[in-house]
Protein chains: 2
Amino acid sequence: MNNVIETILNHRSLRHFEDKPLTNEQIRTIVSCAQSASTSSFIQAYSIIGVKDKEKKRKLAELAGNQEYVEKNGHFFVFCADLFRHTLIGEKEQKDVSLSIESTEKFMVSLIDASLAAQNAAIAAESLGLGICYIGGIRNQLEEVQKVLKTPERVIPLFGLAVGYPTKQTDRKPRLPFEHIYHEDEYEQDPEIYDRQLEEYDDLISNYYNQRTGGKRRDRWTEQMGKMLEKQNRMYMKEFIQKNKLDLR
Amino acid sequence: MNNVIETILNHRSLRHFEDKPLTNEQIRTIVSCAQSASTSSFIQAYSIIGVKDKEKKRKLAELAGNQEYVEKNGHFFVFCADLFRHTLIGEKEQKDVSLSIESTEKFMVSLIDASLAAQNAAIAAESLGLGICYIGGIRNQLEEVQKVLKTPERVIPLFGLAVGYPTKQTDRKPRLPFEHIYHEDEYEQDPEIYDRQLEEYDDLISNYYNQRTGGKRRDRWTEQMGKMLEKQNRMYMKEFIQKNKLDLR
């Protein structure tokens, strides 16, 4: 195993960081790595906002559901889908780009671009001995997040990435079985096989929680997922995106 | 610079591969790395289909716009947004999960999850001395792609990842200036600054093409983008996704 693969496999989300800011050089390295990711047809449809301002960080932590590590970390990055830049390009080049930019396809492209870039940033940070945690919680109240970050129309903050010097390690949570995630040639949808795989995984996860919590928690994965998905969460999203002139046509 | 960062910064999309298949061990390592990525609230809302069958690869190459490297490579992965699994979980756990699964928010989550996983796979492959190329072209005709891969409802093939032993190297394309992608504390939207950055970048890209093609190509980036975005591409996407019972509510 080479140490790139070792770094990747060693990933865990960390949530406790020293009060020690990243250097500008570290930030620049992490962003350069993000930019090095592939981008659909060279479109580069994302932006990254690095938040240093204490009051802004405090506000973002509150908006993300009082997640302390949004405030206390070495640096807080926000990855945004960005088609504002391409709107300006349309004006500059005198091309009517609006229908294209407002399409569901381009919205997907901007999400994929931003995510590929973010994962490069995450791996780069981890290779520097830093810990990371993705923060989807900023999508709880995007209108407020937009005010804090002053993003224009057609820029959608997608998630945060808290980075810092870890003070507390966590365990690596076991993932779904290889055979369940990976299909060969065709999608395997035999309900019996699928069910058996899920049951095996449920046992694994239940044991994992049991061991970690000394018997206090034993929830199965499907139980967790059922409970989570029963709740309707962030149902304002479509309206928000359309208000931002990405019409999901 | 450590060699994780070196691997990331050294990325370029490669499109010519030896006719030498990846070993099962390589495939398993790459998929394990993909699975090691963060996943929103542990939802794991993606699947990966590895295509070995020659006829399927030929068909996918054709559907992606006759891209030869979809057929000729060491392995062809297709990354899919997957909420089919969670539909089954709803049944198993007797929870009504449909409104949640059909939301724009969960569609975004599945795209982000799949993309984070894919980028881990890409970096892992590159660290093994393999070349990679993302294939967005499979989104040209997703209904046909679905037939080839036999994906059920609520599974959307997002992009391919061609992996293999490279026979031809390419240059690394310069990315947008750091200052243009990276904002501090707030999104910088002064049109003058933005414009100047884009002009500098246009010069850089124009020179890059000029040098690579011995003067045959000199297009600016904004020129490329304007032309690309003027065309309406894959405008069937919304309808396709909704037909697959992801309603983008």
# chains A, B, ... in the order shown; residues from 1 in each chain; ligands from 1

$ closest_atom_pairs --of "segment 8-100 of chain A" --to "segment 134-154 of chain B" --cutoff "9 Å" --atoms "only C-alpha atoms" --output "JSON lines"
{"residue": "A:Ser38", "atom": "CA", "partner": "B:Tyr134", "partner_atom": "CA", "distance": 7.3}
{"residue": "A:Thr39", "atom": "CA", "partner": "B:Tyr134", "partner_atom": "CA", "distance": 8.6}
{"residue": "A:Ser40", "atom": "CA", "partner": "B:Gly136", "partner_atom": "CA", "distance": 6.8}
{"residue": "A:Ser41", "atom": "CA", "partner": "B:Gly136", "partner_atom": "CA", "distance": 8.5}

$ residues_around --residues "Arg172 of chain B" --least-positions-apart "2" --cutoff "10 Å" --atoms "only C-alpha atoms" --output "list in words"
Ser36 of chain A; Leu9, Asn10, His11, Arg12, Ser13, Gln169, Thr170, Pro174, Arg175 and Tyr208 of chain B

$ select_by_dssp --residues "segment 39-241 of chain B" --states "strand (DSSP E or B)" --output "number ranges by chain"
B: 46-51, 75-82, 131-135, 155-164, 166, 182-184

$ residues_around --residues "Leu83 of chain B" --least-positions-apart "2" --cutoff "7 Å" --atoms "only C-alpha atoms" --output "list in words"
Ala45, Ala81, Arg85, His86, Thr87, Ile101, Arg154 and Val155 of chain B

$ write_last_selection --atoms "N, CA and C atoms" --output "mmCIF file, in the first residue's frame"
data_model
loop_
_atom_site.group_PDB
_atom_site.id
_atom_site.type_symbol
_atom_site.label_atom_id
_atom_site.label_comp_id
_atom_site.auth_asym_id
_atom_site.auth_seq_id
_atom_site.Cartn_x
_atom_site.Cartn_y
_atom_site.Cartn_z
ATOM 1 N N ALA B 45 -25.072 7.380 -0.393
ATOM 2 C CA ALA B 45 -26.107 7.403 -1.432
ATOM 3 C C ALA B 45 -25.522 7.326 -2.842
ATOM 4 N N ALA B 81 -25.508 8.240 -8.634
ATOM 5 C CA ALA B 81 -26.295 8.671 -7.476
ATOM 6 C C ALA B 81 -27.274 7.550 -7.201
ATOM 7 N N ARG B 85 -31.475 2.079 -2.924
ATOM 8 C CA ARG B 85 -31.158 1.383 -1.658
ATOM 9 C C ARG B 85 -32.008 1.929 -0.506
ATOM 10 N N HIS B 86 -32.164 3.244 -0.475
ATOM 11 C CA HIS B 86 -32.873 3.880 0.636
ATOM 12 C C HIS B 86 -34.387 3.715 0.503
ATOM 13 N N THR B 87 -34.833 3.493 -0.730
ATOM 14 C CA THR B 87 -36.236 3.164 -0.946
ATOM 15 C C THR B 87 -36.521 1.800 -0.318
ATOM 16 N N ILE B 101 -36.747 11.314 -0.034
ATOM 17 C CA ILE B 101 -35.918 10.812 -1.144
ATOM 18 C C ILE B 101 -36.148 11.611 -2.422
ATOM 19 N N ARG B 154 -34.402 5.575 -9.394
ATOM 20 C CA ARG B 154 -33.693 6.270 -8.306
ATOM 21 C C ARG B 154 -32.196 5.973 -8.282
ATOM 22 N N VAL B 155 -31.703 5.435 -9.389
ATOM 23 C CA VAL B 155 -30.249 5.327 -9.574
ATOM 24 C C VAL B 155 -29.914 6.089 -10.855
#

$ residues_around --residues "Gln232 of chain B" --least-positions-apart "6" --cutoff "10 Å" --atoms "only C-alpha atoms" --output "PyMOL selection string"
chain A and resi 97-101+103+105-106

$ closest_residue --among "B:Ile30, B:Asp171, B:Glu91, B:Asp190" --to "Gln211 of chain B" --atoms "only C-alpha atoms"
B:Asp171

$ residues_around --residues "Glu25 of chain B" --least-positions-apart "4" --cutoff "12 Å" --atoms "only C-alpha atoms" --output "VMD selection string"
(chain A and resid 1) or (chain B and resid 21 29 to 32 125 128)

$ residues_around --residues "Phe107 of chain B" --least-positions-apart "2" --cutoff "12 Å" --atoms "only C-alpha atoms" --output "CSV table (one decimal) with C-alpha atoms, in the first residue's frame"
chain,number,residue,atom,x,y,z
A,104,THR,CA,-30.6,21.0,-14.3
A,107,PHE,CA,-26.5,22.6,-11.8
A,108,MET,CA,-25.4,19.0,-11.6
A,111,LEU,CA,-22.2,20.3,-7.8
A,112,ILE,CA,-19.9,17.6,-9.2
A,234,ARG,CA,-34.3,21.2,4.0
A,235,MET,CA,-37.4,21.0,1.8
A,237,MET,CA,-34.0,23.8,-1.2
A,238,LYS,CA,-35.6,23.8,-4.7
B,40,SER,CA,-23.5,13.1,4.3
B,43,ILE,CA,-26.2,8.0,4.0
B,45,ALA,CA,-26.1,7.4,-1.4
B,46,TYR,CA,-24.1,6.1,-4.4
B,80,CYS,CA,-24.2,6.6,-9.8
B,81,ALA,CA,-26.3,8.7,-7.5
B,82,ASP,CA,-28.2,5.9,-5.7
B,83,LEU,CA,-31.4,6.4,-3.6
B,84,PHE,CA,-32.9,3.0,-4.7
B,99,LEU,CA,-40.9,12.7,0.2
B,100,SER,CA,-37.5,12.9,1.6
B,101,ILE,CA,-35.9,10.8,-1.1
B,102,GLU,CA,-37.7,12.8,-3.8
B,103,SER,CA,-36.4,16.2,-2.5
B,104,THR,CA,-33.9,18.4,-4.3
B,105,GLU,CA,-31.8,18.3,-1.1
B,109,VAL,CA,-26.6,14.8,-1.3
B,110,SER,CA,-26.4,11.8,-3.6
B,111,LEU,CA,-24.4,13.8,-6.2
B,112,ILE,CA,-22.0,15.1,-3.6
B,113,ASP,CA,-21.6,11.7,-2.1
B,114,ALA,CA,-20.9,10.1,-5.4
B,154,ARG,CA,-33.7,6.3,-8.3
B,155,VAL,CA,-30.2,5.3,-9.6
B,156,ILE,CA,-28.8,8.0,-11.9
B,158,LEU,CA,-23.6,10.5,-13.3
B,238,LYS,CA,-34.8,17.3,-15.4
B,241,ILE,CA,-34.5,12.5,-13.3
B,242,GLN,CA,-38.2,13.0,-12.5
B,244,ASN,CA,-36.8,8.1,-12.4
B,245,LYS,CA,-38.8,9.1,-9.4
B,246,LEU,CA,-36.5,11.6,-8.1
B,247,ASP,CA,-38.9,14.5,-8.2
B,248,LEU,CA,-36.6,17.4,-7.4
B,249,ARG,CA,-39.3,18.6,-5.0

$ select_by_dssp --residues "segment 107-179 of chain A" --states "alpha helix (DSSP H)" --output "number ranges by chain"
A: 107-127, 142-149, 178-179

$ closest_residue --among "A:Glu239, A:Asp219, A:Glu184, A:Glu230" --to "His75 of chain B" --atoms "only C-alpha atoms"
A:Glu184

$ atom_distance --atom1 "atom CA of Glu93 of chain B" --atom2 "atom CA of Lys216 of chain A"
21.3 Å

$ closest_residue --among "B:Pro157, B:Gln67, B:Asn2, B:Leu130" --to "Ser47 of chain B" --atoms "only C-alpha atoms"
B:Pro157

$ decode --residues "segment 153-175 of chain B" --atoms "N, CA and C atoms" --output "compact mmCIF listing (two decimals), in the first residue's frame"
# COMPACT_ATOMS: atom_id res chain seq x y z
N GLU B 153 -34.92 2.37 -10.88
CA GLU B 153 -35.38 3.73 -10.56
C GLU B 153 -34.56 4.29 -9.40
N ARG B 154 -34.40 5.58 -9.39
CA ARG B 154 -33.69 6.27 -8.31
C ARG B 154 -32.20 5.97 -8.28
N VAL B 155 -31.70 5.43 -9.39
CA VAL B 155 -30.25 5.33 -9.57
C VAL B 155 -29.91 6.09 -10.85
N ILE B 156 -29.13 7.15 -10.72
CA ILE B 156 -28.80 7.99 -11.88
C ILE B 156 -27.30 7.87 -12.17
N PRO B 157 -26.92 7.24 -13.29
CA PRO B 157 -25.51 7.24 -13.68
C PRO B 157 -25.05 8.69 -13.90
N LEU B 158 -23.99 9.10 -13.21
CA LEU B 158 -23.58 10.51 -13.27
C LEU B 158 -22.41 10.74 -14.22
N PHE B 159 -21.40 9.90 -14.09
CA PHE B 159 -20.23 10.05 -14.97
C PHE B 159 -19.44 8.76 -14.93
N GLY B 160 -18.64 8.57 -15.96
CA GLY B 160 -17.73 7.42 -15.99
C GLY B 160 -16.36 7.85 -15.50
N LEU B 161 -15.56 6.86 -15.17
CA LEU B 161 -14.15 7.10 -14.86
C LEU B 161 -13.36 6.01 -15.58
N ALA B 162 -12.71 6.42 -16.66
CA ALA B 162 -11.85 5.48 -17.39
C ALA B 162 -10.50 5.44 -16.69
N VAL B 163 -10.02 4.24 -16.42
CA VAL B 163 -8.75 4.07 -15.72
C VAL B 163 -7.88 3.10 -16.51
N GLY B 164 -6.60 3.36 -16.58
CA GLY B 164 -5.75 2.41 -17.28
C GLY B 164 -4.28 2.79 -17.26
N TYR B 165 -3.49 1.92 -17.89
CA TYR B 165 -2.05 2.20 -18.01
C TYR B 165 -1.86 3.16 -19.17
N PRO B 166 -1.37 4.34 -18.88
CA PRO B 166 -1.31 5.37 -19.94
C PRO B 166 -0.24 5.07 -21.00
N THR B 167 -0.57 5.37 -22.24
CA THR B 167 0.42 5.24 -23.32
C THR B 167 0.87 6.61 -23.82
N LYS B 168 0.13 7.64 -23.42
CA LYS B 168 0.46 8.97 -23.92
C LYS B 168 0.20 9.98 -22.81
N GLN B 169 1.18 10.79 -22.49
CA GLN B 169 1.00 11.81 -21.47
C GLN B 169 0.42 13.08 -22.09
N THR B 170 -0.19 13.88 -21.28
CA THR B 170 -0.64 15.20 -21.75
C THR B 170 -0.13 16.26 -20.78
N ASP B 171 -0.30 17.50 -21.16
CA ASP B 171 0.10 18.60 -20.28
C ASP B 171 -1.00 18.87 -19.26
N ARG B 172 -0.61 19.55 -18.23
CA ARG B 172 -1.55 19.98 -17.22
C ARG B 172 -2.09 21.35 -17.62
N LYS B 173 -3.41 21.46 -17.75
CA LYS B 173 -3.99 22.75 -18.15
C LYS B 173 -4.01 23.71 -16.98
N PRO B 174 -3.54 24.94 -17.17
CA PRO B 174 -3.56 25.90 -16.05
C PRO B 174 -5.00 26.20 -15.62
N ARG B 175 -5.19 26.32 -14.32
CA ARG B 175 -6.52 26.60 -13.78
C ARG B 175 -6.70 28.10 -13.56
